[in-house]
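Asker: Contents of coords.txt (compact mmCIF, C-alpha atoms (C1' of nucleotides)):
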# COMPACT_ATOMS: atom_id res chain seq x y z
CA MET B 763 -24.46 -25.51 7.22
CA THR B 764 -21.61 -26.57 9.45
CA GLU B 765 -20.04 -24.35 12.12
CA LYS B 766 -16.50 -23.16 11.62
CA MET B 767 -14.30 -25.03 14.05
CA PHE B 768 -11.73 -22.33 14.75
CA LYS B 769 -13.05 -18.80 14.53
CA ASP B 770 -10.54 -16.09 13.72
CA LEU B 771 -9.08 -14.40 16.76
CA ASP B 772 -9.12 -10.60 16.71
CA PRO B 773 -5.45 -9.76 16.16
CA ILE B 774 -5.79 -6.56 18.17
CA LEU B 775 -6.68 -8.61 21.23
CA HIS B 776 -4.57 -11.67 20.54
CA SER B 777 -1.50 -10.06 22.05
CA GLN B 778 -0.41 -10.72 25.60
CA LEU B 779 -0.01 -7.09 26.60
CA ARG B 780 -3.05 -5.68 24.82
CA LEU B 781 -5.20 -8.47 26.21
CA ALA B 782 -3.92 -7.74 29.71
CA ILE B 783 -4.67 -4.04 29.29
CA ILE B 784 -8.22 -4.73 28.13
CA SER B 785 -8.69 -7.33 30.84
CA LEU B 786 -7.71 -4.75 33.44
CA LEU B 787 -9.90 -2.05 31.96
CA VAL B 788 -12.96 -4.28 31.83
CA GLY B 789 -12.89 -4.40 35.61
CA VAL B 790 -12.49 -0.72 36.36
CA GLN B 791 -13.94 2.65 35.51
CA GLU B 792 -10.62 4.13 34.53
CA ALA B 793 -6.92 3.35 34.94
CA GLU B 794 -3.75 5.40 34.93
CA PHE B 795 -0.78 4.65 32.70
CA ASN B 796 1.41 3.68 35.61
CA PHE B 797 -1.21 1.49 37.21
CA ILE B 798 -1.48 -0.49 34.00
CA LYS B 799 2.28 -0.54 33.66
CA GLU B 800 2.72 -2.04 37.10
CA LYS B 801 -0.07 -4.58 36.85
CA THR B 802 1.12 -5.82 33.49
CA ASN B 803 4.87 -5.54 34.11
CA ALA B 804 5.21 -3.82 30.77
CA THR B 805 7.91 -1.36 29.86
CA ALA B 806 6.69 2.19 29.36
CA GLY B 807 7.63 2.14 25.68
CA ASN B 808 5.78 -1.04 24.93
CA LEU B 809 2.78 0.11 26.90
CA SER B 810 2.69 3.42 25.09
CA VAL B 811 2.64 1.67 21.72
CA GLN B 812 -0.02 -0.84 22.68
CA ILE B 813 -2.27 1.78 24.24
CA GLN B 814 -2.05 3.70 21.00
CA LYS B 815 -3.10 0.62 19.02
CA LEU B 816 -6.06 -0.04 21.28
CA LYS B 817 -7.05 3.58 20.90
CA ASP B 818 -6.69 3.45 17.11
CA ALA B 819 -8.92 0.38 17.10
CA GLY B 820 -11.51 2.31 19.10
CA TYR B 821 -11.29 -0.16 21.98
CA ILE B 822 -10.21 2.39 24.57
CA GLN B 823 -10.39 6.11 25.18
CA VAL B 824 -7.24 7.87 26.25
CA ASN B 825 -7.26 11.03 28.31
CA LYS B 826 -4.18 13.16 28.80
CA LYS B 827 -4.06 15.80 31.47
CA PHE B 828 -1.77 17.15 34.16
CA LYS B 829 -1.85 16.19 37.78
CA ASP B 830 0.44 17.83 40.33
CA ASN B 831 2.50 19.33 37.55
CA TYR B 832 3.09 15.97 35.86
CA PRO B 833 1.52 14.58 32.73
CA LEU B 834 -1.03 11.92 33.49
CA THR B 835 -2.53 9.51 31.00
CA THR B 836 -5.67 7.62 31.85
CA CYS B 837 -7.53 4.99 29.88
CA ARG B 838 -10.99 3.59 29.87
CA ILE B 839 -12.55 0.88 27.77
CA THR B 840 -15.24 1.73 25.22
CA ARG B 841 -18.41 -0.18 24.38
CA THR B 842 -16.66 -1.30 21.19
CA GLY B 843 -13.80 -2.60 23.30
CA ILE B 844 -16.10 -4.51 25.62
CA ASN B 845 -17.86 -6.10 22.67
CA ALA B 846 -14.57 -7.04 21.04
CA PHE B 847 -13.34 -8.58 24.28
CA GLU B 848 -16.47 -10.65 24.68
CA THR B 849 -16.30 -11.84 21.08
CA TYR B 850 -12.63 -12.69 21.50
CA VAL B 851 -13.26 -14.73 24.63
CA LYS B 852 -16.03 -16.70 22.94
CA ALA B 853 -13.89 -17.38 19.88
CA LEU B 854 -11.00 -18.45 22.04
CA GLN B 855 -13.14 -20.95 23.87
CA GLY B 856 -13.42 -22.93 20.66
CA TYR B 857 -9.69 -23.49 20.94
CA LEU B 858 -9.65 -24.46 24.59
CA HIS B 859 -12.56 -26.72 25.42
CA VAL B 860 -11.36 -29.69 23.53
CA SER B 861 -13.08 -32.44 25.42
CA THR B 862 -16.46 -30.79 25.22
CA ARG B 863 -16.33 -30.25 21.47
CA PRO B 864 -19.05 -32.08 19.52
CA MET M 905 3.50 -13.25 48.77
CA THR M 906 1.06 -11.95 46.20
CA GLU M 907 0.06 -13.86 43.05
CA LYS M 908 1.09 -12.50 39.70
CA MET M 909 -1.97 -11.11 37.99
CA PHE M 910 -1.07 -11.87 34.39
CA LYS M 911 1.07 -14.92 33.90
CA ASP M 912 3.22 -15.04 30.80
CA LEU M 913 1.63 -16.80 27.87
CA ASP M 914 3.77 -19.42 26.15
CA PRO M 915 4.65 -17.72 22.85
CA ILE M 916 4.75 -21.04 21.05
CA LEU M 917 1.08 -21.55 21.82
CA HIS M 918 -0.06 -17.94 21.69
CA SER M 919 -0.44 -18.05 17.93
CA GLN M 920 -3.75 -18.65 16.28
CA LEU M 921 -2.61 -21.40 13.95
CA ARG M 922 -0.31 -23.23 16.35
CA LEU M 923 -2.99 -23.14 19.03
CA ALA M 924 -5.52 -24.56 16.58
CA ILE M 925 -3.12 -27.35 15.62
CA ILE M 926 -2.51 -28.29 19.24
CA SER M 927 -6.19 -28.00 20.05
CA LEU M 928 -6.94 -30.47 17.26
CA LEU M 929 -4.21 -32.85 18.28
CA VAL M 930 -5.29 -32.93 21.91
CA GLY M 931 -8.52 -34.53 20.77
CA VAL M 932 -7.11 -37.22 18.51
CA GLN M 933 -4.55 -39.97 18.42
CA GLU M 934 -2.93 -38.71 15.27
CA ALA M 935 -3.74 -36.35 12.42
CA GLU M 936 -2.62 -36.00 8.82
CA PHE M 937 -1.20 -32.82 7.36
CA ASN M 938 -4.19 -32.29 5.11
CA PHE M 939 -6.70 -32.96 7.82
CA ILE M 940 -5.11 -30.24 9.92
CA LYS M 941 -4.89 -27.99 6.90
CA GLU M 942 -8.61 -28.32 6.20
CA LYS M 943 -9.77 -27.96 9.79
CA THR M 944 -7.66 -24.88 10.36
CA ASN M 945 -8.06 -23.29 6.91
CA ALA M 946 -4.32 -22.76 6.82
CA THR M 947 -2.23 -22.57 3.70
CA ALA M 948 0.18 -25.46 3.25
CA GLY M 949 3.20 -23.21 3.57
CA ASN M 950 2.07 -21.63 6.80
CA LEU M 951 1.08 -25.01 8.19
CA SER M 952 4.43 -26.51 7.28
CA VAL M 953 6.27 -23.75 9.12
CA GLN M 954 4.10 -23.91 12.23
CA ILE M 955 4.28 -27.70 12.44
CA GLN M 956 8.06 -27.39 12.32
CA LYS M 957 7.98 -24.91 15.21
CA LEU M 958 5.78 -27.14 17.32
CA LYS M 959 8.09 -30.02 16.58
CA ASP M 960 11.18 -27.96 17.47
CA ALA M 961 9.50 -27.08 20.75
CA GLY M 962 8.94 -30.78 21.42
CA TYR M 963 5.17 -30.28 21.54
CA ILE M 964 4.41 -32.65 18.70
CA GLN M 965 5.96 -35.62 16.94
CA VAL M 966 6.01 -35.59 13.16
CA ASN M 967 6.04 -38.75 11.13
CA LYS M 968 6.77 -38.76 7.43
CA LYS M 969 6.02 -41.80 5.35
CA PHE M 970 4.48 -42.75 2.04
CA LYS M 971 0.91 -43.80 1.49
CA ASP M 972 -0.35 -44.89 -1.91
CA ASN M 973 2.78 -43.54 -3.53
CA TYR M 974 2.39 -40.09 -2.00
CA PRO M 975 4.24 -38.51 0.86
CA LEU M 976 2.15 -38.36 3.99
CA THR M 977 2.93 -36.35 7.08
CA THR M 978 1.19 -37.17 10.32
CA CYS M 979 1.39 -35.45 13.67
CA ARG M 980 0.65 -36.38 17.20
CA ILE M 981 0.91 -34.38 20.39
CA THR M 982 3.55 -35.28 22.99
CA ARG M 983 3.23 -35.31 26.76
CA THR M 984 5.25 -32.10 26.78
CA GLY M 985 2.74 -30.60 24.36
CA ILE M 986 -0.22 -31.63 26.47
CA ASN M 987 1.38 -30.13 29.56
CA ALA M 988 2.19 -26.91 27.73
CA PHE M 989 -1.37 -26.66 26.46
CA GLU M 990 -2.82 -27.15 29.92
CA THR M 991 -0.49 -24.57 31.39
CA TYR M 992 -1.35 -22.14 28.62
CA VAL M 993 -5.07 -22.55 29.15
CA LYS M 994 -4.73 -21.93 32.88
CA ALA M 995 -2.58 -18.86 32.33
CA LEU M 996 -5.00 -17.51 29.77
CA GLN M 997 -7.89 -17.84 32.17
CA GLY M 998 -6.31 -15.15 34.31
CA TYR M 999 -6.89 -12.80 31.39
CA LEU M 1000 -10.47 -13.80 30.72
CA HIS M 1001 -12.38 -14.23 33.95
CA VAL M 1002 -12.44 -10.62 34.90
CA SER M 1003 -15.53 -10.53 37.02
CA THR M 1004 -14.47 -13.47 39.15
CA ARG M 1005 -11.03 -12.08 39.93
CA PRO M 1006 -10.34 -11.48 43.65
C1' DA D 280 5.58 -41.22 -24.87
C1' DT D 281 5.39 -36.83 -23.12
C1' DA D 282 3.15 -32.68 -21.68
C1' DA D 283 0.05 -30.76 -18.39
C1' DT D 284 -1.97 -31.13 -13.94
C1' DT D 285 -2.34 -32.63 -9.24
C1' DT D 286 -0.56 -34.06 -4.69
C1' DG D 287 1.97 -33.11 -0.76
C1' DG D 288 4.57 -30.69 0.88
C1' DT D 289 9.26 -27.12 1.81
C1' DT D 290 11.82 -22.92 1.29
C1' DT D 291 12.29 -18.14 0.71
C1' DA D 292 10.68 -13.46 0.73
C1' DT D 293 7.72 -9.95 2.55
C1' DA D 294 4.72 -7.79 5.81
C1' DA D 295 3.33 -7.09 10.38
C1' DA D 296 4.07 -7.24 15.44
C1' DA D 297 6.42 -7.05 19.63
C1' DT D 298 9.91 -5.18 22.21
C1' DA D 299 13.86 -2.61 23.80
C1' DA D 300 16.64 1.25 23.59
C1' DA D 301 17.05 5.92 23.01
C1' DC D 302 15.05 10.22 23.33
C1' DT D 303 11.87 14.36 24.78
C1' DA D 304 10.08 17.44 28.00
C1' DC D 305 9.56 18.70 31.83
C1' DT D 306 9.90 18.70 37.57
C1' DT D 307 12.07 17.97 41.84
C1' DT D 308 15.85 17.68 44.91
C1' DA D 309 20.67 18.28 46.29
C1' DT T 1154 22.40 24.95 38.70
C1' DA T 1155 23.51 20.33 38.10
C1' DA T 1156 21.87 15.78 38.81
C1' DA T 1157 18.23 12.76 39.21
C1' DG T 1158 13.46 11.52 38.76
C1' DT T 1159 8.69 11.41 36.43
C1' DA T 1160 5.93 10.40 32.59
C1' DG T 1161 5.75 9.26 28.87
C1' DT T 1162 6.91 9.00 23.07
C1' DT T 1163 9.62 7.78 19.10
C1' DT T 1164 12.74 5.04 16.62
C1' DA T 1165 15.26 0.94 15.71
C1' DT T 1166 15.74 -3.95 16.11
C1' DT T 1167 14.19 -8.48 16.55
C1' DT T 1168 10.80 -11.82 16.11
C1' DT T 1169 6.53 -13.69 13.96
C1' DA T 1170 3.21 -14.61 10.72
C1' DT T 1171 2.03 -15.23 6.20
C1' DA T 1172 2.10 -15.61 1.31
C1' DA T 1173 4.35 -16.61 -2.77
C1' DA T 1174 7.40 -19.33 -5.14
C1' DC T 1175 9.39 -23.51 -5.59
C1' DC T 1176 10.42 -28.81 -5.57
C1' DA T 1177 9.81 -33.77 -6.36
C1' DA T 1178 7.14 -37.15 -7.59
C1' DA T 1179 2.60 -39.12 -9.25
C1' DT T 1180 -1.35 -39.02 -12.16
C1' DT T 1181 -3.99 -37.92 -16.15
C1' DA T 1182 -4.68 -36.31 -20.83
C1' DT T 1183 -3.07 -36.04 -25.62
Please express the file's structure as structure tokens.
Answerer:
Amino acid sequence: MTEKMFKDLDPILHSQLRLAIISLLVGVQEAEFNFIKEKTNATAGNLSVQIQKLKDAGYIQVNKKFKDNYPLTTCRITRTGINAFETYVKALQGYLHVSTRP
Amino acid sequence: MTEKMFKDLDPILHSQLRLAIISLLVGVQEAEFNFIKEKTNATAGNLSVQIQKLKDAGYIQVNKKFKDNYPLTTCRITRTGINAFETYVKALQGYLHVSTRP
DNA sequence: ATAATTTGGTTTATAAAATAAACTACTTTA
DNA sequence: TAAAGTAGTTTATTTTATAAACCAAATTAT
């Protein structure tokens, strides 16, 4: 049985902003909305929508609280999110390493 | 001057099917429509559209001729396309190699 | 001969995604 | 107390991706 050449890419992760968010979260314990916003150069509106999608997919946890009188949203990646990221990276490699393909 | 953490990903290439097409073409001299269709599992309609976009972007050359009485479309990647692919891969790596990021 | 099927696509219509603009709900400062 | 700032969310618009329908010609079956 022959291997599939191009594995499907998780559409949740195959998005520049969502991938950047997950990529950031993989490296840290937790990140604030504005930290992510600055690192990714996203607009607040776009970021809000994409965080919601990652949450709906179960890839991140979102915590809303108040800090110094202001609302504060923090995110952390879930085990599901980590697994999805790893799977995505492996799938993607099938598209990138052309010269080393059998 | 600090490096940008997440470089923009070329939207022409950040599409599963178009990336698969380019990935295929990088490895070969030339490929027929149906060869690409089979390798990528794309529908003919979708493939037709995405080939047109890659052509419009100057990433591939499209040649239409007849073979054994039937129309035959072949594609080959251009230098521009190769450069774009290499740039895309490098940019993408900034999103993937989390643990090795400074 | 001609009707049905197949080949090799393109075009058009629909669904989904990404993004920007506008808005909400406060808080702080002038 | 009015204006400006913080921290987001919601809605509307644009762009993409995809599927479905279509086209033109060739082949095969009747």
Asker: Given the choices M:Val953, M:Ile981, M:Leu996, M:Ala924, which gets closest to chain B if the distance is worked out from only C-alpha atoms?
Answerer: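 Closest candidate: M:Ala924.
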Asker: Could you please give me, as a ChimeraX atom specification, the residues of protein, DNA or RNA lying at most 9 Å from (-3.8, -35.5, -26.6) in the coordinate frame of the file, considering all atoms listed in the file?
Answerer: /D:282 /T:1182-1183
Asker: Identify all chain D residues at most 9 Å from chain M by counting all atoms listed in the file; ligands do not count. Present them as a PDB file with C-alpha atoms (C1' of nucleotides), in the frame of the given file.
Answerer:
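Dumped everything to selection-v7.pdb:
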ATOM      1  C1'  DT D 286      -0.560 -34.060  -4.690  1.00  0.00           C
ATOM      2  C1'  DG D 287       1.970 -33.110  -0.760  1.00  0.00           C
ATOM      3  C1'  DG D 288       4.570 -30.690   0.880  1.00  0.00           C
ATOM      4  C1'  DT D 289       9.260 -27.120   1.810  1.00  0.00           C
ATOM      5  C1'  DT D 290      11.820 -22.920   1.290  1.00  0.00           C
TER       6       DT D 290
END
Asker: What are the closest atom pairs, with distances in Å to one decimal, for all residues of chain M lying within 10 Å of chain T? Consider all atoms listed in the file, order rows by chain and residue number, and present the result as JSON lines.
Answerer:
{"residue": "M:Pro915", "atom": "CA", "partner": "T:DT1169", "partner_atom": "C1'", "distance": 9.9}
{"residue": "M:Ser919", "atom": "CA", "partner": "T:DA1170", "partner_atom": "C1'", "distance": 8.8}
{"residue": "M:Gln920", "atom": "CA", "partner": "T:DA1170", "partner_atom": "C1'", "distance": 9.8}
{"residue": "M:Leu921", "atom": "CA", "partner": "T:DA1170", "partner_atom": "C1'", "distance": 9.5}
{"residue": "M:Ala946", "atom": "CA", "partner": "T:DT1171", "partner_atom": "C1'", "distance": 9.9}
{"residue": "M:Thr947", "atom": "CA", "partner": "T:DA1172", "partner_atom": "C1'", "distance": 8.5}
{"residue": "M:Gly949", "atom": "CA", "partner": "T:DA1172", "partner_atom": "C1'", "distance": 8.0}
{"residue": "M:Asn950", "atom": "CA", "partner": "T:DT1171", "partner_atom": "C1'", "distance": 6.4}
{"residue": "M:Val953", "atom": "CA", "partner": "T:DA1170", "partner_atom": "C1'", "distance": 9.8}
{"residue": "M:Gln954", "atom": "CA", "partner": "T:DA1170", "partner_atom": "C1'", "distance": 9.5}
{"residue": "M:Asp972", "atom": "CA", "partner": "T:DA1179", "partner_atom": "C1'", "distance": 9.8}
{"residue": "M:Asn973", "atom": "CA", "partner": "T:DA1179", "partner_atom": "C1'", "distance": 7.2}
{"residue": "M:Tyr974", "atom": "CA", "partner": "T:DA1179", "partner_atom": "C1'", "distance": 7.3}
{"residue": "M:Pro975", "atom": "CA", "partner": "T:DA1178", "partner_atom": "C1'", "distance": 9.0}
Asker: Select, as a ChimeraX atom specification, those residues of chain B with any atom no more than 12 Å from chain M (distances computed using only C-alpha atoms).
Answerer: /B:764-773,775-790,798-804,844,847-864
Asker: Take CA of Gln791 in chain B and CA of Cys837 in chain B and report the distance between them in Å, one decimal.
Answerer: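 So the two atoms, CA of Gln791 in chain B and CA of Cys837 in chain B, lie 8.8 Å apart.
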Asker: What is the CA of Tyr821 in chain B-CA of Arg841 in chain B distance in Å, reported with one decimal?
Answerer: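 Distance between the two atoms: 7.5 Å.
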Asker: Between C1' of DA295 in chain D and CA of Ile774 in chain B, what is the distance in Å, rounded to a tenth?
Answerer: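 Answer for the C1' of DA295 in chain D to CA of Ile774 in chain B separation: 12.0 Å.
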Asker: Residues near Ile964 in chain M, anyone? I mean within 7 Å using all atoms listed in the file, not counting same-chain ones fewer than 3 positions away, as a PyMOL selection string.
Answerer: chain M and resi 958-959+979-982+985
Asker: For range 303-309 of chain D, take all atoms listed in the file, fit an axis-aligned box around them, add 5 Å to each of the six sides, then output centre and edge lengths in Å rounded to one decimal, as JSON.
Answerer:
{"center_x": 15.1, "center_y": 16.5, "center_z": 35.5, "size_x": 21.1, "size_y": 14.3, "size_z": 31.5}
